[in-house]
Structures are given as structure tokens and as C-alpha cells.
Amino acid sequence: MTLPIGTPGGVATPAFNPLRKGLRMERTPPPCVMVIFGATGDLTHRKLLPALYNLALEHLLPEGFSVVGFARRPLDDAKFQQGILESINKFSRRRPVQPTVWEQFIKGIYYVSSDFTNLEGYQALAATLDKIDEERGTQGNRLFYLSTPPSDYEIIINNLGKAGLAKPQRPGSDAWTRIIIEKPFGHDLKSAQELNDVVAEVFRENQVFRIDHYLGKETVQNILVFRFGNSIFEPIWNRQFVDHIQIVVAEELGVEGRGPYYEESGTIRDMVQNHMMQLLSLVCMEPPVSYEANAIRDEKTQVLRSIKPLDADEVVERTVRGQYGPGTIFGKPVLGYRHEERVNPNSITDTYVAIKLFVENWRWAGVPIYLRTGKRLPKRTSEISLQFKPAPQQLFSPSGMPLEPNVLVLQIQPNEGISLKFGAKVPGQTMNIRPVTMDFRFGQSFGITAADAYERLILDAMLGDSTLFARRDEVEQAWSIVTSITDGWKLHMPPALPNYEAGTWGPKEADEFIQKDGRNWRRL
């Protein structure tokens, strides 16, 4: 029985919502320990620890659940716990911390200080994990999370293997060991393959969870439900009815002090290879044979295999790259990319990319898919839009002017939802047609605040459900497409940079790029 808020021992528990009854989020994983490498870093304190606290608040963590932080900084358990409390109070979607929940949560928080290269640190970690198994009943179940720079992945993975921590600790039991690896997974196709080989030497593929937080967002998960759970949409989800698809990920932020990382990655590696390829594969995939992890990932990978890597000439014709200069965001002046902290003043790194791709299969042959992403754009938004072909006969437009096309929009962020634009007659004596929109918003319809993506994904990893994680072949196939573009760019002079002002929607070449096909970017 849940105690009401304000009673002794009571916590802030959401009101019962019958629409949530029976959802798979109500499953609870077995007792386990989560080890976070890079436990003092920004991702850990902004996302991972608040996510774990929110899972505890909703009673979704198992009995005895524990967290071990592993990092170079010399801290003891108490100082690490204090840092966690401060992070939750600052970054959690539900704050301040509820004392009764925190009292239970803090009992399972530990810290191991060690350099990632020091094998003795992993042996100390092993001893700590054995102690937690004994005292908190975590049954040998371990989830390792690599919240570190990618340059540390290989040494951590190898040392986990050398310390005997990569295999289940209780042979013959149901004990499990899993590892979550953050993006970016590699820098190009070759490095991704090499990293996959390193991982495969230590872990089996079913132990590996390559995380992309976009897949934890409600609208992304609902793409499959929307397509394959509603008979009115699937019959028109193909080249016969769809004119083109636009996938947009826009950010108003700059590089936010991540100059060295961004100089290496650029927008194409930071956003296109992972987030946007995941969205593309979900919106274009065929129906899976079941709602099972490998069945879904098989179909996603088939989509990526249907996109042929671009040759050098196609890269020129089907991509636009840009870099922001000084401008204004929300009325405030901001620096250009080349003036950002720790950025080369002559950098040719892309902060904006527009790409046209084709999925060359029976369903989508001839339908262009436009990807557009950039930093320092006017606002933060992510969406997928399908623009449908016009009606074959324009009965209601005697002048011959086409009516506005029907558009279906899947809004990923910030206001998760779905909208459909269609034409309707304006009341009156004349036949005047105007576009109208039907909107669905998750928050309004279900009366709840959507959980952070990391909450869903961490819980799925504990449950062993890899549906929302990328498989090895999927990652490499996405890299083969992106690497063909970056290789093509190396063969051609970059545009004069910067070529768009911060606070605008990108370079004018991007508008010309889609307009030459007789289309326009959707107004956001």
C-alpha cells in the first residue's frame, strides 16, 4: 500500500492512471549492481544518476540494487554520495529528493578510485562487487556502463576481461553480466569494426548494449505502434503515396565547451551516424515477424543495407555542409564556431549537414529522404515528416494552383506527439480550402510527464531487453553510409566557412539543395 504524501514514510507517488496499467515498464529486473565507469563525469551526474533515482522513486529498481562509481578522482563513498545528492537535486525531472527514497537509495552507493589502466583497480572492484553480492543479495548480476570518452573504451573492456569480470560470476545459475557502451561507437567504419572486434574478444554479443538515447524517447518507440498497430496508416506508408520524407534534428546550442570532441566528430558523426540513422531505419523498416529484439533489429539493418554508400560525385550532388558564424539566439549575441573554446580558428568542421538518401527497396524506391541537422539553429526540435503526393485530380482548385499537401509529423522533441495536416473547407459561400491540423500530445493525452530516455534504456538493459539498442551489424552498416560521405568530402574543397549565421536555419545552399528537386524544407 502506498502511503499518501505527507504521512510518515510517504513519498511522492504519481496518481494511478488506468492507461498505464499493464505496461512493460511495470516489470522489475532481478537484483543487480550497476558499475559506472567515469562516475565523476558530466553524463553520469546530469543523466545517469538522476535516471536511477527516478526509477527508485517509481519503485522500478529491484531489491538490493546498488551502484558502484569507478573513476580516477580520489573520493570516498561519503563524498561520492554527497555529489550524487547534489546532482539529483539539480538535474532530476522530479526534485527535490524525497528523504525516505534517498535513505534507501544511498545504502547501495559505493565508490572505487582507480585509473582505468590500473588492473589492481579492477581487482578492487571485483572485491567490492563480491562484498555487495554477500551483503545486499545482488546474486552476481552486474551491469557495466561506459560513461567515459571513447578513447577509454578499449582499455576498460580489456581490463574487465583480464580481471575476470566479463563473465557471469556464478556458473550454473541465472547470474548475468552486461555492458552498456555510449556513443560515439567508433569514428568511421574501420574504427567501429576494430572496436567491435575488441568487444567481441571479451563479451558475447547478447551481453553488449550499444546505447542511443533517442531510442528511449516515447515518440520514437511509438513509431512502430503507429505504423503497425493502426490499419489506416500502413497501407499508405510507401512510394505509391509518399512524395518524400524529412528527418530534422535542430539544436539552438553551440558546442558548449566540447570543442576538442566536436573538432573530431562534426555534426555528421555526432548526429547523423547514430540518432538520424536510427530514426530513418525505424520509419522505413518492414513489419518484423514479432516484437522481439532481433526481429526488429533485423528489419532496421535491412533498411540500412538498402541505402547504397555514395560515390564521390554523389556526395557533391546529395550533401550540403555548413558551419555557423556569429549571430543571435533568442535575441542574445553568440560566437561563431571558430571562436568557441578550444576550437581551431581555421576549422572546417561541419556544424550543419543536409543529405539526400534513397532506400532502394520495393517499398521506397524513388522516394527521397532528406536529413537535416545543425547547431545554433533558431530552436531545438526533432521531427520526422512524411509529405504525401497530391490528389490525382484537383477538383477544388479551378485555377490550377495545387492545394497544400497532406503531411504527417512525428514530433520527437521537445513536445512529443503526432500531427496530421489536411485540407478543409472554410465556412462560407465560396469553395475556399485551408490546411488544418489534428494534434496528439503524449503529455496532454495521458496526463503524465514522459520519463527521461535513460530511465527506460537503463531499465531495459537490466531486464536484458535489447530491442532499443543497436546491434553490431546495424552500427557498421550506418558507418558505411556516413564514411562514404566523409571520404567524398576529403576529395573536394570545402565550402567557404562559416556559411550561415547563428540563429538562422542554415546555409542558403541547403535551401537551393532541396528546391532544385521542386520541394521545400518544412517550416518548423
# chains A, B, ... in the order shown; residues from 1 in each chain; ligands from 1

$ residues_around --residues "A:Ser419" --least-positions-apart "4" --cutoff "10 Å" --atoms "only C-alpha atoms" --output "PyMOL selection string"
chain A and resi 385+407-411+437-441

$ residues_around --residues "A:Arg471" --least-positions-apart "6" --cutoff "9 Å" --atoms "only C-alpha atoms" --output "PyMOL selection string"
chain A and resi 205+208-210+294+297+301

$ write_last_selection --atoms "N, CA and C atoms" --output "mmCIF file, in the first residue's frame"
data_model
loop_
_atom_site.group_PDB
_atom_site.id
_atom_site.type_symbol
_atom_site.label_atom_id
_atom_site.label_comp_id
_atom_site.auth_asym_id
_atom_site.auth_seq_id
_atom_site.Cartn_x
_atom_site.Cartn_y
_atom_site.Cartn_z
ATOM 1 N N GLU A 205 27.883 -11.085 -27.938
ATOM 2 C CA GLU A 205 27.033 -10.017 -28.482
ATOM 3 C C GLU A 205 25.778 -9.812 -27.633
ATOM 4 N N VAL A 208 26.100 -7.183 -24.916
ATOM 5 C CA VAL A 208 26.507 -5.831 -25.299
ATOM 6 C C VAL A 208 25.287 -4.986 -25.652
ATOM 7 N N PHE A 209 25.188 -3.799 -25.032
ATOM 8 C CA PHE A 209 24.085 -2.873 -25.245
ATOM 9 C C PHE A 209 24.674 -1.530 -25.684
ATOM 10 N N ARG A 210 24.641 -1.271 -27.020
ATOM 11 C CA ARG A 210 25.147 -0.011 -27.570
ATOM 12 C C ARG A 210 24.014 0.998 -27.515
ATOM 13 N N ASN A 294 15.720 -9.112 -31.786
ATOM 14 C CA ASN A 294 16.463 -9.384 -33.011
ATOM 15 C C ASN A 294 15.584 -9.295 -34.253
ATOM 16 N N ARG A 297 15.565 -5.595 -34.961
ATOM 17 C CA ARG A 297 16.884 -5.128 -35.403
ATOM 18 C C ARG A 297 17.257 -5.698 -36.758
ATOM 19 N N THR A 301 18.283 -3.148 -39.802
ATOM 20 C CA THR A 301 19.544 -3.321 -40.526
ATOM 21 C C THR A 301 19.301 -3.493 -42.015
#

$ closest_residue --among "A:His275, A:Gly503, A:Ile157, A:Arg73" --to "A:Ala200" --atoms "only C-alpha atoms"
A:Ile157

$ select_by_dssp --residues "stretch 157-371 of chain A" --states "strand (DSSP E or B)" --output "PyMOL selection string"
chain A and resi 177-181+208-210+242-250+319-322+324-325+327-329+332-334+352-358+368-371

$ closest_residue --among "A:Asn406, A:Asn499, A:Asn89, A:Gln477" --to "A:Pro326" --atoms "only C-alpha atoms"
A:Asn499

$ closest_residue --among "A:Leu377, A:Val482, A:Val225, A:Leu195" --to "A:Lys308" --atoms "only C-alpha atoms"
A:Val482

$ atom_distance --atom1 "atom CA of A:Val198" --atom2 "atom CA of A:Gly38"
19.6 Å

$ atom_distance --atom1 "atom CA of A:Ser87" --atom2 "atom CA of A:Leu457"
19.8 Å

$ atom_distance --atom1 "atom CA of A:Leu497" --atom2 "atom CA of A:Lys356"
21.4 Å

$ closest_residue --among "A:Asp460, A:Asp473, A:Asp487, A:Glu455" --to "A:Ala192" --atoms "only C-alpha atoms"
A:Asp473

$ residues_around --residues "A:Ile514" --least-positions-apart "3" --cutoff "10 Å" --atoms "only C-alpha atoms" --output "PDB file with C-alpha atoms, in the first residue's frame"
ATOM      1  CA  ARG A 318      23.439  14.984 -52.457  1.00  0.00           C
ATOM      2  CA  ALA A 354      21.842  18.232 -45.194  1.00  0.00           C
ATOM      3  CA  ILE A 355      21.786  14.879 -47.012  1.00  0.00           C
ATOM      4  CA  LYS A 356      19.519  13.213 -49.566  1.00  0.00           C
ATOM      5  CA  TYR A 370      16.141  14.352 -46.638  1.00  0.00           C
ATOM      6  CA  GLU A 509      22.894  26.227 -50.300  1.00  0.00           C
ATOM      7  CA  ALA A 510      20.698  23.907 -48.219  1.00  0.00           C
ATOM      8  CA  ASP A 511      17.551  25.688 -49.424  1.00  0.00           C
ATOM      9  CA  ASP A 517      14.003  18.932 -56.598  1.00  0.00           C
ATOM     10  CA  GLY A 518      10.847  21.058 -56.582  1.00  0.00           C
ATOM     11  CA  ARG A 519      10.451  20.764 -52.809  1.00  0.00           C
ATOM     12  CA  ASN A 520      10.984  22.905 -49.716  1.00  0.00           C
ATOM     13  CA  TRP A 521      12.067  22.328 -46.164  1.00  0.00           C
TER      14      TRP A 521
END

$ closest_residue --among "A:Glu182, A:Val33, A:Ser231, A:His213" --to "A:Asp130" --atoms "only C-alpha atoms"
A:Val33

$ decode --residues "stretch 461-472 of chain A" --atoms "all heavy atoms" --output "PDB file, in the first residue's frame"
ATOM      1  N   ALA A 461      18.133  -2.556 -20.119  1.00  0.00           N
ATOM      2  CA  ALA A 461      19.403  -3.289 -20.034  1.00  0.00           C
ATOM      3  C   ALA A 461      19.415  -4.218 -18.826  1.00  0.00           C
ATOM      4  O   ALA A 461      19.910  -5.350 -18.902  1.00  0.00           O
ATOM      5  CB  ALA A 461      20.570  -2.309 -19.969  1.00  0.00           C
ATOM      6  N   MET A 462      18.875  -3.768 -17.696  1.00  0.00           N
ATOM      7  CA  MET A 462      18.778  -4.642 -16.524  1.00  0.00           C
ATOM      8  C   MET A 462      17.878  -5.844 -16.800  1.00  0.00           C
ATOM      9  O   MET A 462      18.116  -6.948 -16.308  1.00  0.00           O
ATOM     10  CB  MET A 462      18.221  -3.856 -15.333  1.00  0.00           C
ATOM     11  CG  MET A 462      19.125  -2.767 -14.806  1.00  0.00           C
ATOM     12  SD  MET A 462      18.309  -1.939 -13.408  1.00  0.00           S
ATOM     13  CE  MET A 462      19.357  -0.493 -13.216  1.00  0.00           C
ATOM     14  N   LEU A 463      16.842  -5.611 -17.599  1.00  0.00           N
ATOM     15  CA  LEU A 463      15.912  -6.695 -17.941  1.00  0.00           C
ATOM     16  C   LEU A 463      16.452  -7.596 -19.045  1.00  0.00           C
ATOM     17  O   LEU A 463      15.868  -8.637 -19.335  1.00  0.00           O
ATOM     18  CB  LEU A 463      14.575  -6.091 -18.383  1.00  0.00           C
ATOM     19  CG  LEU A 463      13.749  -5.413 -17.285  1.00  0.00           C
ATOM     20  CD1 LEU A 463      12.687  -4.509 -17.894  1.00  0.00           C
ATOM     21  CD2 LEU A 463      13.102  -6.469 -16.394  1.00  0.00           C
ATOM     22  N   GLY A 464      17.543  -7.181 -19.687  1.00  0.00           N
ATOM     23  CA  GLY A 464      18.100  -7.972 -20.784  1.00  0.00           C
ATOM     24  C   GLY A 464      17.364  -7.797 -22.095  1.00  0.00           C
ATOM     25  O   GLY A 464      17.506  -8.611 -23.008  1.00  0.00           O
ATOM     26  N   ASP A 465      16.592  -6.717 -22.228  1.00  0.00           N
ATOM     27  CA  ASP A 465      15.818  -6.445 -23.435  1.00  0.00           C
ATOM     28  C   ASP A 465      16.623  -5.504 -24.328  1.00  0.00           C
ATOM     29  O   ASP A 465      16.776  -4.319 -24.029  1.00  0.00           O
ATOM     30  CB  ASP A 465      14.486  -5.814 -23.066  1.00  0.00           C
ATOM     31  CG  ASP A 465      13.567  -5.614 -24.272  1.00  0.00           C
ATOM     32  OD1 ASP A 465      14.056  -5.712 -25.420  1.00  0.00           O
ATOM     33  OD2 ASP A 465      12.377  -5.360 -24.065  1.00  0.00           O
ATOM     34  N   SER A 466      17.123  -6.002 -25.440  1.00  0.00           N
ATOM     35  CA  SER A 466      17.996  -5.220 -26.316  1.00  0.00           C
ATOM     36  C   SER A 466      17.255  -4.582 -27.491  1.00  0.00           C
ATOM     37  O   SER A 466      17.885  -4.085 -28.425  1.00  0.00           O
ATOM     38  CB  SER A 466      19.130  -6.107 -26.855  1.00  0.00           C
ATOM     39  OG  SER A 466      18.606  -7.246 -27.516  1.00  0.00           O
ATOM     40  N   THR A 467      15.924  -4.557 -27.448  1.00  0.00           N
ATOM     41  CA  THR A 467      15.132  -4.029 -28.559  1.00  0.00           C
ATOM     42  C   THR A 467      15.547  -2.618 -28.945  1.00  0.00           C
ATOM     43  O   THR A 467      15.642  -2.283 -30.132  1.00  0.00           O
ATOM     44  CB  THR A 467      13.636  -4.036 -28.195  1.00  0.00           C
ATOM     45  OG1 THR A 467      13.248  -5.366 -27.839  1.00  0.00           O
ATOM     46  CG2 THR A 467      12.791  -3.562 -29.365  1.00  0.00           C
ATOM     47  N   LEU A 468      15.795  -1.766 -27.957  1.00  0.00           N
ATOM     48  CA  LEU A 468      16.084  -0.355 -28.209  1.00  0.00           C
ATOM     49  C   LEU A 468      17.579  -0.050 -28.220  1.00  0.00           C
ATOM     50  O   LEU A 468      17.984   1.101 -28.043  1.00  0.00           O
ATOM     51  CB  LEU A 468      15.376   0.517 -27.172  1.00  0.00           C
ATOM     52  CG  LEU A 468      13.853   0.385 -27.137  1.00  0.00           C
ATOM     53  CD1 LEU A 468      13.262   1.251 -26.034  1.00  0.00           C
ATOM     54  CD2 LEU A 468      13.235   0.745 -28.480  1.00  0.00           C
ATOM     55  N   PHE A 469      18.390  -1.067 -28.455  1.00  0.00           N
ATOM     56  CA  PHE A 469      19.839  -0.892 -28.533  1.00  0.00           C
ATOM     57  C   PHE A 469      20.329  -1.379 -29.898  1.00  0.00           C
ATOM     58  O   PHE A 469      19.705  -2.228 -30.529  1.00  0.00           O
ATOM     59  CB  PHE A 469      20.536  -1.669 -27.412  1.00  0.00           C
ATOM     60  CG  PHE A 469      20.209  -1.178 -26.035  1.00  0.00           C
ATOM     61  CD1 PHE A 469      19.062  -1.610 -25.386  1.00  0.00           C
ATOM     62  CD2 PHE A 469      21.034  -0.267 -25.394  1.00  0.00           C
ATOM     63  CE1 PHE A 469      18.742  -1.155 -24.121  1.00  0.00           C
ATOM     64  CE2 PHE A 469      20.727   0.197 -24.115  1.00  0.00           C
ATOM     65  CZ  PHE A 469      19.581  -0.250 -23.476  1.00  0.00           C
ATOM     66  N   ALA A 470      21.455  -0.823 -30.336  1.00  0.00           N
ATOM     67  CA  ALA A 470      21.972  -1.129 -31.677  1.00  0.00           C
ATOM     68  C   ALA A 470      22.842  -2.386 -31.663  1.00  0.00           C
ATOM     69  O   ALA A 470      23.631  -2.589 -30.753  1.00  0.00           O
ATOM     70  CB  ALA A 470      22.780   0.049 -32.211  1.00  0.00           C
ATOM     71  N   ARG A 471      22.677  -3.200 -32.674  1.00  0.00           N
ATOM     72  CA  ARG A 471      23.467  -4.419 -32.843  1.00  0.00           C
ATOM     73  C   ARG A 471      24.710  -4.114 -33.669  1.00  0.00           C
ATOM     74  O   ARG A 471      24.772  -3.112 -34.367  1.00  0.00           O
ATOM     75  CB  ARG A 471      22.606  -5.485 -33.530  1.00  0.00           C
ATOM     76  CG  ARG A 471      23.067  -6.916 -33.349  1.00  0.00           C
ATOM     77  CD  ARG A 471      21.993  -7.876 -33.845  1.00  0.00           C
ATOM     78  NE  ARG A 471      21.675  -7.656 -35.262  1.00  0.00           N
ATOM     79  CZ  ARG A 471      20.638  -8.237 -35.877  1.00  0.00           C
ATOM     80  NH1 ARG A 471      19.828  -9.025 -35.200  1.00  0.00           N
ATOM     81  NH2 ARG A 471      20.421  -8.012 -37.149  1.00  0.00           N
ATOM     82  N   ARG A 472      25.678  -5.006 -33.606  1.00  0.00           N
ATOM     83  CA  ARG A 472      26.959  -4.778 -34.292  1.00  0.00           C
ATOM     84  C   ARG A 472      26.775  -4.479 -35.772  1.00  0.00           C
ATOM     85  O   ARG A 472      27.308  -3.488 -36.286  1.00  0.00           O
ATOM     86  CB  ARG A 472      27.873  -5.995 -34.107  1.00  0.00           C
ATOM     87  CG  ARG A 472      29.133  -5.899 -34.942  1.00  0.00           C
ATOM     88  CD  ARG A 472      30.115  -7.020 -34.705  1.00  0.00           C
ATOM     89  NE  ARG A 472      31.313  -6.792 -35.506  1.00  0.00           N
ATOM     90  CZ  ARG A 472      32.501  -7.312 -35.262  1.00  0.00           C
ATOM     91  NH1 ARG A 472      32.658  -8.137 -34.233  1.00  0.00           N
ATOM     92  NH2 ARG A 472      33.548  -7.038 -36.026  1.00  0.00           N
TER      93      ARG A 472
END
